[in-house]
>>> print(open('data-v8.cif').read())   # mmCIF, C-alpha atoms and all ligand atoms
data_start
loop_
_atom_site.group_PDB
_atom_site.id
_atom_site.type_symbol
_atom_site.label_atom_id
_atom_site.label_comp_id
_atom_site.auth_asym_id
_atom_site.auth_seq_id
_atom_site.Cartn_x
_atom_site.Cartn_y
_atom_site.Cartn_z
ATOM 1 C CA MET Y 280 -10.782 14.318 18.169
ATOM 2 C CA ASN Y 281 -8.742 12.104 15.872
ATOM 3 C CA ASN Y 282 -5.560 13.997 16.612
ATOM 4 C CA GLU Y 283 -6.199 13.885 20.343
ATOM 5 C CA LEU Y 284 -6.744 10.168 20.144
ATOM 6 C CA ARG Y 285 -3.512 9.717 18.242
ATOM 7 C CA THR Y 286 -1.383 11.638 20.717
ATOM 8 C CA MET Y 287 -2.967 9.771 23.604
ATOM 9 C CA ASN Y 288 -2.061 6.418 22.072
ATOM 10 C CA ASN Y 289 1.372 4.894 22.499
ATOM 11 C CA LYS Y 290 3.595 5.010 19.458
ATOM 12 C CA MET Y 291 4.214 1.890 17.425
ATOM 13 C CA ASN Y 292 7.768 0.671 17.572
ATOM 14 C CA ILE Y 293 9.178 1.709 14.157
ATOM 15 C CA LYS Y 294 11.416 4.624 15.140
ATOM 16 C CA ASN Y 295 14.120 5.363 12.533
ATOM 17 C CA ARG Y 296 12.984 2.504 10.293
ATOM 18 C CA VAL Y 297 13.175 3.435 6.608
ATOM 19 C CA ALA Y 298 9.969 2.828 4.650
ATOM 20 C CA ILE Y 299 9.235 2.929 0.926
ATOM 21 C CA VAL Y 300 5.562 3.605 0.230
ATOM 22 C CA THR Y 301 4.430 3.287 -3.399
ATOM 23 C CA GLY Y 302 1.532 5.478 -4.482
ATOM 24 C CA GLY Y 303 2.133 7.629 -1.399
ATOM 25 C CA GLY Y 304 0.995 10.841 -3.067
ATOM 26 C CA GLN Y 305 -2.669 10.585 -2.133
ATOM 27 C CA GLY Y 306 -5.426 8.452 -0.638
ATOM 28 C CA ILE Y 307 -4.513 5.402 1.416
ATOM 29 C CA GLY Y 308 -0.802 5.685 0.536
ATOM 30 C CA LYS Y 309 -0.617 9.263 1.765
ATOM 31 C CA GLU Y 310 -2.224 8.340 5.097
ATOM 32 C CA ILE Y 311 0.225 5.449 5.444
ATOM 33 C CA CYS Y 312 3.129 7.878 4.906
ATOM 34 C CA LEU Y 313 1.794 10.318 7.498
ATOM 35 C CA ARG Y 314 1.053 7.621 10.064
ATOM 36 C CA LEU Y 315 4.464 5.954 9.682
ATOM 37 C CA ALA Y 316 6.119 9.379 9.966
ATOM 38 C CA GLU Y 317 4.146 10.179 13.133
ATOM 39 C CA ASN Y 318 5.677 7.017 14.531
ATOM 40 C CA GLU Y 319 9.121 8.373 13.591
ATOM 41 C CA ALA Y 320 9.902 6.223 10.569
ATOM 42 C CA LYS Y 321 11.718 7.794 7.583
ATOM 43 C CA ILE Y 322 9.553 7.883 4.495
ATOM 44 C CA VAL Y 323 10.463 7.399 0.822
ATOM 45 C CA ILE Y 324 7.571 7.915 -1.586
ATOM 46 C CA PHE Y 325 7.521 6.277 -5.024
ATOM 47 C CA ASP Y 326 4.742 7.863 -7.091
ATOM 48 C CA ILE Y 327 4.172 8.959 -10.690
ATOM 49 C CA ASN Y 328 2.563 12.141 -9.371
ATOM 50 C CA GLU Y 329 5.519 14.196 -8.218
ATOM 51 C CA GLU Y 330 3.521 17.252 -7.212
ATOM 52 C CA LEU Y 331 1.297 15.338 -4.810
ATOM 53 C CA SER Y 332 4.126 13.370 -3.266
ATOM 54 C CA GLN Y 333 6.255 16.500 -2.736
ATOM 55 C CA GLU Y 334 3.261 17.931 -0.876
ATOM 56 C CA VAL Y 335 3.267 14.898 1.444
ATOM 57 C CA VAL Y 336 7.022 15.306 1.985
ATOM 58 C CA ARG Y 337 6.483 18.958 2.966
ATOM 59 C CA GLU Y 338 3.765 17.917 5.419
ATOM 60 C CA ILE Y 339 6.039 15.330 7.036
ATOM 61 C CA LYS Y 340 9.006 17.712 7.229
ATOM 62 C CA ALA Y 341 6.839 20.471 8.716
ATOM 63 C CA LYS Y 342 6.187 18.126 11.638
ATOM 64 C CA GLY Y 343 9.904 17.418 12.055
ATOM 65 C CA GLY Y 344 9.952 14.119 10.133
ATOM 66 C CA SER Y 345 12.322 12.830 7.487
ATOM 67 C CA SER Y 346 11.071 12.145 3.965
ATOM 68 C CA LEU Y 347 11.995 11.940 0.293
ATOM 69 C CA ALA Y 348 9.793 11.713 -2.803
ATOM 70 C CA LEU Y 349 10.974 10.123 -6.032
ATOM 71 C CA LYS Y 350 9.121 10.104 -9.334
ATOM 72 C CA VAL Y 351 8.744 6.417 -10.053
ATOM 73 C CA ASP Y 352 6.424 4.425 -12.285
ATOM 74 C CA VAL Y 353 6.267 1.052 -10.536
ATOM 75 C CA THR Y 354 5.739 -0.720 -13.872
ATOM 76 C CA LYS Y 355 9.287 0.233 -14.928
ATOM 77 C CA TYR Y 356 11.860 -1.946 -13.209
ATOM 78 C CA GLU Y 357 14.852 0.263 -14.080
ATOM 79 C CA GLU Y 358 13.143 3.291 -12.521
ATOM 80 C CA VAL Y 359 12.183 1.326 -9.419
ATOM 81 C CA ASN Y 360 15.673 -0.088 -9.024
ATOM 82 C CA GLY Y 361 17.372 3.287 -9.546
ATOM 83 C CA ALA Y 362 15.116 4.970 -6.998
ATOM 84 C CA THR Y 363 15.655 2.150 -4.505
ATOM 85 C CA GLN Y 364 19.430 2.642 -4.787
ATOM 86 C CA GLN Y 365 18.963 6.388 -4.232
ATOM 87 C CA ALA Y 366 16.907 5.673 -1.117
ATOM 88 C CA ILE Y 367 19.487 3.187 0.176
ATOM 89 C CA ASP Y 368 22.306 5.716 -0.422
ATOM 90 C CA LYS Y 369 20.428 8.415 1.483
ATOM 91 C CA PHE Y 370 19.043 6.380 4.378
ATOM 92 C CA LYS Y 371 21.539 3.440 4.486
ATOM 93 C CA GLY Y 372 18.995 0.677 4.002
ATOM 94 C CA ILE Y 373 15.316 -0.141 3.553
ATOM 95 C CA ASP Y 374 13.410 -1.782 6.411
ATOM 96 C CA ILE Y 375 9.803 -1.473 5.262
ATOM 97 C CA LEU Y 376 8.115 -1.742 1.857
ATOM 98 C CA ILE Y 377 4.444 -0.885 1.368
ATOM 99 C CA ASN Y 378 3.214 -1.895 -2.087
ATOM 100 C CA ASN Y 379 0.204 0.385 -2.307
ATOM 101 C CA ALA Y 380 0.204 1.904 -5.837
ATOM 102 C CA GLY Y 381 -2.849 0.623 -7.668
ATOM 103 C CA ILE Y 382 -5.360 1.517 -10.358
ATOM 104 C CA THR Y 383 -8.727 0.364 -11.686
ATOM 105 C CA LYS Y 384 -9.969 0.197 -15.271
ATOM 106 C CA ASP Y 385 -13.417 -1.320 -14.865
ATOM 107 C CA SER Y 386 -15.657 -2.963 -17.447
ATOM 108 C CA LEU Y 387 -17.438 -6.255 -17.992
ATOM 109 C CA LEU Y 388 -15.049 -8.894 -19.266
ATOM 110 C CA LEU Y 389 -16.947 -9.196 -22.562
ATOM 111 C CA ARG Y 390 -16.157 -5.550 -23.248
ATOM 112 C CA MET Y 391 -12.779 -5.323 -21.575
ATOM 113 C CA LYS Y 392 -9.992 -4.084 -23.795
ATOM 114 C CA GLU Y 393 -6.784 -6.066 -23.723
ATOM 115 C CA GLU Y 394 -4.868 -2.873 -22.894
ATOM 116 C CA ASP Y 395 -7.056 -2.287 -19.807
ATOM 117 C CA TRP Y 396 -6.502 -5.856 -18.639
ATOM 118 C CA ASN Y 397 -2.747 -5.501 -19.159
ATOM 119 C CA ARG Y 398 -2.362 -2.073 -17.557
ATOM 120 C CA VAL Y 399 -4.166 -3.043 -14.335
ATOM 121 C CA LEU Y 400 -2.088 -6.215 -14.032
ATOM 122 C CA GLN Y 401 1.085 -4.261 -14.827
ATOM 123 C CA VAL Y 402 0.571 -1.584 -12.184
ATOM 124 C CA ASN Y 403 -1.025 -3.642 -9.406
ATOM 125 C CA LEU Y 404 0.771 -6.977 -9.723
ATOM 126 C CA ASN Y 405 3.933 -6.452 -11.789
ATOM 127 C CA GLY Y 406 4.545 -3.167 -9.942
ATOM 128 C CA THR Y 407 4.495 -5.076 -6.661
ATOM 129 C CA PHE Y 408 6.912 -7.649 -8.103
ATOM 130 C CA ASN Y 409 9.265 -4.900 -9.361
ATOM 131 C CA CYS Y 410 9.466 -3.184 -5.977
ATOM 132 C CA LEU Y 411 10.001 -6.472 -4.167
ATOM 133 C CA LYS Y 412 12.796 -7.445 -6.569
ATOM 134 C CA ALA Y 413 14.522 -4.113 -6.035
ATOM 135 C CA VAL Y 414 14.225 -4.021 -2.243
ATOM 136 C CA LEU Y 415 14.386 -7.618 -1.065
ATOM 137 C CA ARG Y 416 18.128 -8.226 -1.442
ATOM 138 C CA SER Y 417 18.991 -5.467 1.022
ATOM 139 C CA MET Y 418 16.392 -6.800 3.493
ATOM 140 C CA VAL Y 419 17.855 -10.305 3.218
ATOM 141 C CA LYS Y 420 21.363 -8.927 3.797
ATOM 142 C CA GLN Y 421 20.338 -7.052 6.929
ATOM 143 C CA LYS Y 422 18.185 -9.996 8.079
ATOM 144 C CA TYR Y 423 15.230 -7.709 8.753
ATOM 145 C CA GLY Y 424 12.263 -6.544 6.750
ATOM 146 C CA ARG Y 425 8.578 -5.755 6.806
ATOM 147 C CA VAL Y 426 6.490 -5.945 3.640
ATOM 148 C CA VAL Y 427 2.818 -5.064 3.367
ATOM 149 C CA ASN Y 428 1.084 -5.522 0.026
ATOM 150 C CA ILE Y 429 -2.217 -3.730 -0.443
ATOM 151 C CA SER Y 430 -4.690 -6.202 -1.924
ATOM 152 C CA SER Y 431 -8.488 -5.758 -1.803
ATOM 153 C CA VAL Y 432 -11.584 -7.653 -0.732
ATOM 154 C CA ILE Y 433 -12.321 -7.745 -4.465
ATOM 155 C CA GLY Y 434 -9.312 -10.060 -4.816
ATOM 156 C CA ILE Y 435 -11.016 -12.421 -2.363
ATOM 157 C CA ARG Y 436 -14.674 -12.357 -3.435
ATOM 158 C CA GLY Y 437 -14.593 -10.941 -7.007
ATOM 159 C CA ASN Y 438 -16.784 -8.183 -8.398
ATOM 160 C CA ILE Y 439 -18.812 -7.537 -11.517
ATOM 161 C CA GLY Y 440 -16.845 -5.276 -13.869
ATOM 162 C CA GLN Y 441 -13.531 -5.779 -12.105
ATOM 163 C CA ALA Y 442 -12.082 -9.044 -13.471
ATOM 164 C CA ASN Y 443 -8.726 -7.375 -14.177
ATOM 165 C CA TYR Y 444 -8.542 -5.653 -10.781
ATOM 166 C CA SER Y 445 -9.735 -8.752 -8.933
ATOM 167 C CA ALA Y 446 -7.173 -10.952 -10.724
ATOM 168 C CA SER Y 447 -4.391 -8.507 -9.852
ATOM 169 C CA LYS Y 448 -5.406 -8.340 -6.192
ATOM 170 C CA ALA Y 449 -5.846 -12.135 -5.932
ATOM 171 C CA GLY Y 450 -2.383 -12.425 -7.497
ATOM 172 C CA ILE Y 451 -1.002 -10.228 -4.739
ATOM 173 C CA ILE Y 452 -2.382 -12.668 -2.151
ATOM 174 C CA GLY Y 453 -0.598 -15.651 -3.752
ATOM 175 C CA LEU Y 454 2.576 -13.610 -4.064
ATOM 176 C CA THR Y 455 2.364 -12.573 -0.403
ATOM 177 C CA LYS Y 456 1.976 -16.128 0.899
ATOM 178 C CA SER Y 457 4.733 -17.570 -1.289
ATOM 179 C CA LEU Y 458 7.186 -14.822 -0.412
ATOM 180 C CA ALA Y 459 6.362 -15.083 3.306
ATOM 181 C CA ARG Y 460 7.444 -18.727 3.111
ATOM 182 C CA GLU Y 461 10.599 -17.866 1.173
ATOM 183 C CA VAL Y 462 11.965 -15.098 3.380
ATOM 184 C CA GLY Y 463 10.733 -15.879 6.892
ATOM 185 C CA ARG Y 464 14.160 -17.349 7.711
ATOM 186 C CA TYR Y 465 15.722 -13.917 7.136
ATOM 187 C CA GLY Y 466 13.545 -12.150 9.676
ATOM 188 C CA ILE Y 467 11.323 -10.682 6.981
ATOM 189 C CA THR Y 468 7.533 -10.689 7.377
ATOM 190 C CA VAL Y 469 5.234 -10.350 4.366
ATOM 191 C CA ASN Y 470 1.540 -9.641 4.813
ATOM 192 C CA ALA Y 471 -1.364 -8.412 2.728
ATOM 193 C CA VAL Y 472 -4.068 -5.965 3.731
ATOM 194 C CA ALA Y 473 -7.394 -6.246 1.930
ATOM 195 C CA PRO Y 474 -9.420 -3.044 2.297
ATOM 196 C CA GLY Y 475 -13.117 -2.918 1.510
ATOM 197 C CA PHE Y 476 -14.767 0.319 0.426
ATOM 198 C CA ILE Y 477 -12.504 3.224 1.412
ATOM 199 C CA ASP Y 478 -13.199 6.920 0.835
ATOM 200 C CA THR Y 479 -10.508 8.025 -1.670
ATOM 201 C CA ALA Y 480 -10.256 9.447 -5.201
ATOM 202 C CA MET Y 481 -10.552 5.882 -6.504
ATOM 203 C CA THR Y 482 -14.039 5.407 -5.031
ATOM 204 C CA ARG Y 483 -15.170 9.051 -5.351
ATOM 205 C CA ARG Y 484 -15.575 8.384 -9.070
ATOM 206 C CA LEU Y 485 -18.691 6.277 -8.327
ATOM 207 C CA ASN Y 486 -22.154 7.854 -8.414
ATOM 208 C CA LYS Y 487 -24.388 8.121 -5.326
ATOM 209 C CA GLU Y 488 -26.554 5.100 -6.221
ATOM 210 C CA ALA Y 489 -23.515 2.883 -6.594
ATOM 211 C CA VAL Y 490 -22.075 4.139 -3.297
ATOM 212 C CA ASP Y 491 -25.383 3.554 -1.461
ATOM 213 C CA ALA Y 492 -25.667 0.056 -2.933
ATOM 214 C CA ILE Y 493 -22.202 -0.870 -1.697
ATOM 215 C CA ILE Y 494 -22.714 0.667 1.745
ATOM 216 C CA SER Y 495 -25.927 -1.334 2.159
ATOM 217 C CA GLN Y 496 -23.761 -4.491 2.025
ATOM 218 C CA VAL Y 497 -21.426 -3.255 4.776
ATOM 219 C CA PRO Y 498 -22.471 -4.294 8.311
ATOM 220 C CA LEU Y 499 -20.866 -1.130 9.730
ATOM 221 C CA GLN Y 500 -22.934 0.902 7.217
ATOM 222 C CA ARG Y 501 -20.248 3.340 6.091
ATOM 223 C CA MET Y 502 -17.126 3.693 3.971
ATOM 224 C CA GLY Y 503 -13.762 3.146 5.618
ATOM 225 C CA LYS Y 504 -11.291 5.972 6.125
ATOM 226 C CA PRO Y 505 -7.781 5.881 4.635
ATOM 227 C CA GLY Y 506 -6.422 6.532 8.142
ATOM 228 C CA GLU Y 507 -8.044 3.336 9.393
ATOM 229 C CA VAL Y 508 -6.156 1.327 6.792
ATOM 230 C CA ALA Y 509 -2.975 3.237 7.661
ATOM 231 C CA SER Y 510 -3.289 2.252 11.342
ATOM 232 C CA LEU Y 511 -3.459 -1.436 10.462
ATOM 233 C CA VAL Y 512 -0.483 -1.147 8.118
ATOM 234 C CA THR Y 513 1.528 0.689 10.781
ATOM 235 C CA TYR Y 514 0.853 -2.103 13.250
ATOM 236 C CA LEU Y 515 1.892 -4.776 10.734
ATOM 237 C CA VAL Y 516 5.273 -3.140 10.107
ATOM 238 C CA SER Y 517 6.025 -2.582 13.786
ATOM 239 C CA GLU Y 518 8.056 -4.714 16.201
ATOM 240 C CA GLU Y 519 4.771 -5.556 17.912
ATOM 241 C CA ALA Y 520 3.676 -7.583 14.837
ATOM 242 C CA ALA Y 521 6.933 -9.556 14.555
ATOM 243 C CA TYR Y 522 5.178 -12.967 14.652
ATOM 244 C CA ILE Y 523 2.598 -12.259 11.950
ATOM 245 C CA THR Y 524 3.476 -13.327 8.407
ATOM 246 C CA GLY Y 525 1.677 -14.648 5.318
ATOM 247 C CA GLU Y 526 -1.616 -13.194 6.535
ATOM 248 C CA VAL Y 527 -4.311 -11.472 4.513
ATOM 249 C CA ILE Y 528 -6.150 -9.087 6.811
ATOM 250 C CA LYS Y 529 -9.454 -7.634 5.660
ATOM 251 C CA ILE Y 530 -10.416 -4.141 6.766
ATOM 252 C CA ASP Y 531 -13.851 -3.740 5.312
ATOM 253 C CA GLY Y 532 -16.493 -3.048 7.972
ATOM 254 C CA GLY Y 533 -17.531 -6.689 7.732
ATOM 255 C CA MET Y 534 -18.362 -6.509 4.023
ATOM 256 C CA ALA Y 535 -16.692 -9.737 2.899
ATOM 257 C CA MET Y 536 -16.911 -11.944 5.992
HETATM 258 P P1 LIG S 1 -5.716 6.553 -5.264
HETATM 259 O O1 LIG S 1 -6.083 6.512 -6.708
HETATM 260 O O2 LIG S 1 -6.316 7.609 -4.399
HETATM 261 O O3 LIG S 1 -4.101 6.675 -5.137
HETATM 262 C C1 LIG S 1 -3.244 5.839 -5.869
HETATM 263 C C2 LIG S 1 -1.849 6.438 -5.883
HETATM 264 O O4 LIG S 1 -1.023 5.567 -6.666
HETATM 265 C C3 LIG S 1 -1.780 7.817 -6.555
HETATM 266 O O5 LIG S 1 -0.975 8.689 -5.804
HETATM 267 C C4 LIG S 1 -1.161 7.515 -7.919
HETATM 268 O O6 LIG S 1 -0.426 8.606 -8.468
HETATM 269 C C5 LIG S 1 -0.258 6.331 -7.597
HETATM 270 N N1 LIG S 1 0.050 5.511 -8.772
HETATM 271 C C6 LIG S 1 -0.818 5.086 -9.722
HETATM 272 N N2 LIG S 1 -0.155 4.414 -10.668
HETATM 273 C C7 LIG S 1 1.156 4.399 -10.312
HETATM 274 C C8 LIG S 1 2.332 3.863 -10.900
HETATM 275 N N3 LIG S 1 2.309 3.208 -12.067
HETATM 276 N N4 LIG S 1 3.520 4.040 -10.251
HETATM 277 C C9 LIG S 1 3.564 4.733 -9.075
HETATM 278 N N5 LIG S 1 2.489 5.278 -8.492
HETATM 279 C C10 LIG S 1 1.294 5.111 -9.101
HETATM 280 O O7 LIG S 1 -6.002 5.094 -4.712
HETATM 281 P P2 LIG S 1 -6.373 4.584 -3.227
HETATM 282 O O8 LIG S 1 -7.824 4.449 -3.141
HETATM 283 O O9 LIG S 1 -5.624 5.355 -2.222
HETATM 284 O O10 LIG S 1 -5.793 3.103 -3.321
HETATM 285 C C11 LIG S 1 -4.524 2.726 -2.812
HETATM 286 C C12 LIG S 1 -4.414 1.211 -2.890
HETATM 287 O O11 LIG S 1 -5.453 0.629 -2.116
HETATM 288 C C13 LIG S 1 -4.574 0.643 -4.288
HETATM 289 O O12 LIG S 1 -3.712 -0.453 -4.456
HETATM 290 C C14 LIG S 1 -6.006 0.190 -4.322
HETATM 291 O O13 LIG S 1 -6.218 -0.835 -5.264
HETATM 292 C C15 LIG S 1 -6.177 -0.299 -2.900
HETATM 293 N N6 LIG S 1 -7.553 -0.373 -2.456
HETATM 294 C C16 LIG S 1 -8.353 0.744 -2.430
HETATM 295 C C17 LIG S 1 -9.661 0.633 -2.021
HETATM 296 C C18 LIG S 1 -10.588 1.813 -1.968
HETATM 297 O O14 LIG S 1 -11.788 1.591 -1.690
HETATM 298 N N7 LIG S 1 -10.124 3.037 -2.176
HETATM 299 C C19 LIG S 1 -10.218 -0.659 -1.613
HETATM 300 C C20 LIG S 1 -9.296 -1.751 -1.677
HETATM 301 C C21 LIG S 1 -8.014 -1.598 -2.086
#
>>> encode(input="data-v8.cif", output="structure tokens", more="lines below")
Ligand code: NAI
Amino acid sequence: MNNELRTMNNKMNIKNRVAIVTGGGQGIGKEICLRLAENEAKIVIFDINEELSQEVVREIKAKGGSSLALKVDVTKYEEVNGATQQAIDKFKGIDILINNAGITKDSLLLRMKEEDWNRVLQVNLNGTFNCLKAVLRSMVKQKYGRVVNISSVIGIRGNIGQANYSASKAGIIGLTKSLAREVGRYGITVNAVAPGFIDTAMTRRLNKEAVDAIISQVPLQRMGKPGEVASLVTYLVSEEAAYITGEVIKIDGGMAM
């Protein structure tokens, strides 16, 4: 049914655009890669998990798409910058950047270890900064770019046990709005997507009671699917969304309205 629906729909206008997707090896990032590729963009995956991202590359190539996976830890600027240069050499530019790589290390603040605070901020927020630093200059030069940063509803409303994660995702919102103001004049849009409770490895770690408790707060009474987030992201990086910038768009079944 899903596939039928997809082929019936018109394609988004992103043909031959080159997209870097961080954390594209699984979950939401993987679906973003597949959806962008279906719409004929060229996909570069930055992920620490090489095996998973090579699998995604194979899937894209099997359907006739173009893709490359590079082993990159987004917390390491030199790695990010080197991989970005490799991608630019291969595909002659970067048009789209999806900052999706993210982790959680949950605990109440009173018990939170400094290393868990730091690591979550490093991956989620500094990782986003590193990728932007590496990619932005080429977008400015070509006077075109689309950036989507994956935040979270937790960055908007907070959550018990997630002070580090919430701070990192709120930081992404401030970063998104500031950058949108800085680079709008170069034809670059910068938006954030704030998913609610999405069915991925990240949320599969929770036990049934916790899942039921969260779902009871969602007006649509279910978890979201990674593909639903991917559809929104694909729209935001398309020509059709050219006049949207600095926005934070929730996709959460009504959870945080
Ligand atoms: P996931 O855990 O399934 O996938 C995360 C991917 O990021 C993995 O492929 C992992 O290898 C990669 N990654 C982790 N650290 C990295 C690093 N230092 N450098 C490069 N790659 C790295 O996570 P999921 O659920 O797909 O989440 C994707 C994004 O969406 C994250 O930013 C997450 O915070 C956000 N999000 C997820 C929600 C959910 O309910 N699943 C809700 C709201 C936001």
>>> resolve_selection(input="data-v8.cif", expression="the PyMOL selection byres (((chain Y and resi 350) around 9) and not hetatm)", output="PyMOL selection string")
chain Y and resi 324-329+332+348-349+351-352+358+362
>>> closest_residue(input="data-v8.cif", among="Y:Tyr356, Y:Tyr465, Y:Tyr522, Y:Tyr514", to="Y:Gln421", atoms="all atoms listed in the file")
Y:Tyr465
>>> axis_aligned_box(input="data-v8.cif", around="ligand LIG 1 (chain S)", padding_each_side="6 Å", output="lines of an AutoDock Vina configuration file")
center_x = -4.1
center_y = 3.5
center_z = -6.8
size_x = 27.4
size_y = 22.4
size_z = 22.5
>>> residues_near_ligand(input="data-v8.cif", ligand="ligand LIG 1 (chain S)", cutoff="8 Å", atoms="only C-alpha atoms and all ligand atoms", output="ChimeraX atom specification")
/Y:301-309,325-328,331-332,350-354,378-383,402-403,406,429-433,444,448,473-482,503,505
>>> atom_distance(input="data-v8.cif", atom1="atom CA of Y:Val359", atom2="atom CA of Y:Val336")
18.8 Å
>>> closest_residue(input="data-v8.cif", among="Y:Ser495, Y:Ser517, Y:Thr524, Y:Gln441", to="Y:Ala459", atoms="all atoms listed in the file")
Y:Thr524
>>> closest_residue(input="data-v8.cif", among="Y:Gln364, Y:Asn438, Y:Thr468, Y:Ser447", to="Y:Lys422", atoms="only C-alpha atoms")
Y:Thr468
>>> decode(input="data-v8.cif", residues="stretch 373-428 of chain Y", atoms="C-alpha atoms", output="short mmCIF file (atom, residue, chain, number, x, y, z; two decimals), in the first residue's frame")
data_model
loop_
_atom_site.label_atom_id
_atom_site.label_comp_id
_atom_site.auth_asym_id
_atom_site.auth_seq_id
_atom_site.Cartn_x
_atom_site.Cartn_y
_atom_site.Cartn_z
CA ILE Y 373 26.59 19.83 -1.84
CA ASP Y 374 23.04 21.15 -2.13
CA ILE Y 375 21.34 19.59 0.88
CA LEU Y 376 22.48 18.87 4.44
CA ILE Y 377 20.35 16.85 6.86
CA ASN Y 378 21.75 16.96 10.40
CA ASN Y 379 20.10 13.85 11.76
CA ALA Y 380 22.76 11.96 13.79
CA GLY Y 381 21.71 11.97 17.42
CA ILE Y 382 21.93 10.00 20.64
CA THR Y 383 20.33 9.86 24.08
CA LYS Y 384 21.92 9.16 27.46
CA ASP Y 385 19.00 9.56 29.84
CA SER Y 386 19.00 10.07 33.59
CA LEU Y 387 17.67 12.54 36.13
CA LEU Y 388 19.88 15.60 36.33
CA LEU Y 389 20.80 14.86 39.96
CA ARG Y 390 22.33 11.59 38.81
CA MET Y 391 23.58 12.65 35.40
CA LYS Y 392 27.26 12.06 34.81
CA GLU Y 393 29.20 14.93 33.33
CA GLU Y 394 30.41 12.64 30.54
CA ASP Y 395 26.80 11.81 29.57
CA TRP Y 396 25.89 15.49 29.50
CA ASN Y 397 28.94 16.26 27.36
CA ARG Y 398 28.57 13.36 24.92
CA VAL Y 399 24.92 14.14 24.10
CA LEU Y 400 25.74 17.81 23.54
CA GLN Y 401 28.80 16.86 21.48
CA VAL Y 402 26.96 14.52 19.11
CA ASN Y 403 23.62 16.33 18.81
CA LEU Y 404 24.65 19.98 18.92
CA ASN Y 405 28.39 20.20 18.20
CA GLY Y 406 27.98 17.55 15.49
CA THR Y 407 25.41 19.76 13.79
CA PHE Y 408 27.76 22.74 14.07
CA ASN Y 409 30.67 20.72 12.61
CA CYS Y 410 28.69 19.62 9.56
CA LEU Y 411 27.36 23.12 8.96
CA LYS Y 412 30.87 24.59 9.17
CA ALA Y 413 32.17 22.06 6.67
CA VAL Y 414 29.33 22.38 4.15
CA LEU Y 415 28.13 25.97 4.33
CA ARG Y 416 30.95 27.66 2.40
CA SER Y 417 30.22 25.65 -0.74
CA MET Y 418 26.49 26.42 -0.42
CA VAL Y 419 27.23 30.14 -0.07
CA LYS Y 420 29.49 30.01 -3.14
CA GLN Y 421 26.84 28.34 -5.28
CA LYS Y 422 24.12 30.59 -3.81
CA TYR Y 423 21.88 27.61 -3.11
CA GLY Y 424 21.34 25.32 -0.17
CA ARG Y 425 18.82 23.44 1.90
CA VAL Y 426 19.52 22.55 5.52
CA VAL Y 427 17.24 20.54 7.78
CA ASN Y 428 18.28 19.99 11.39
#
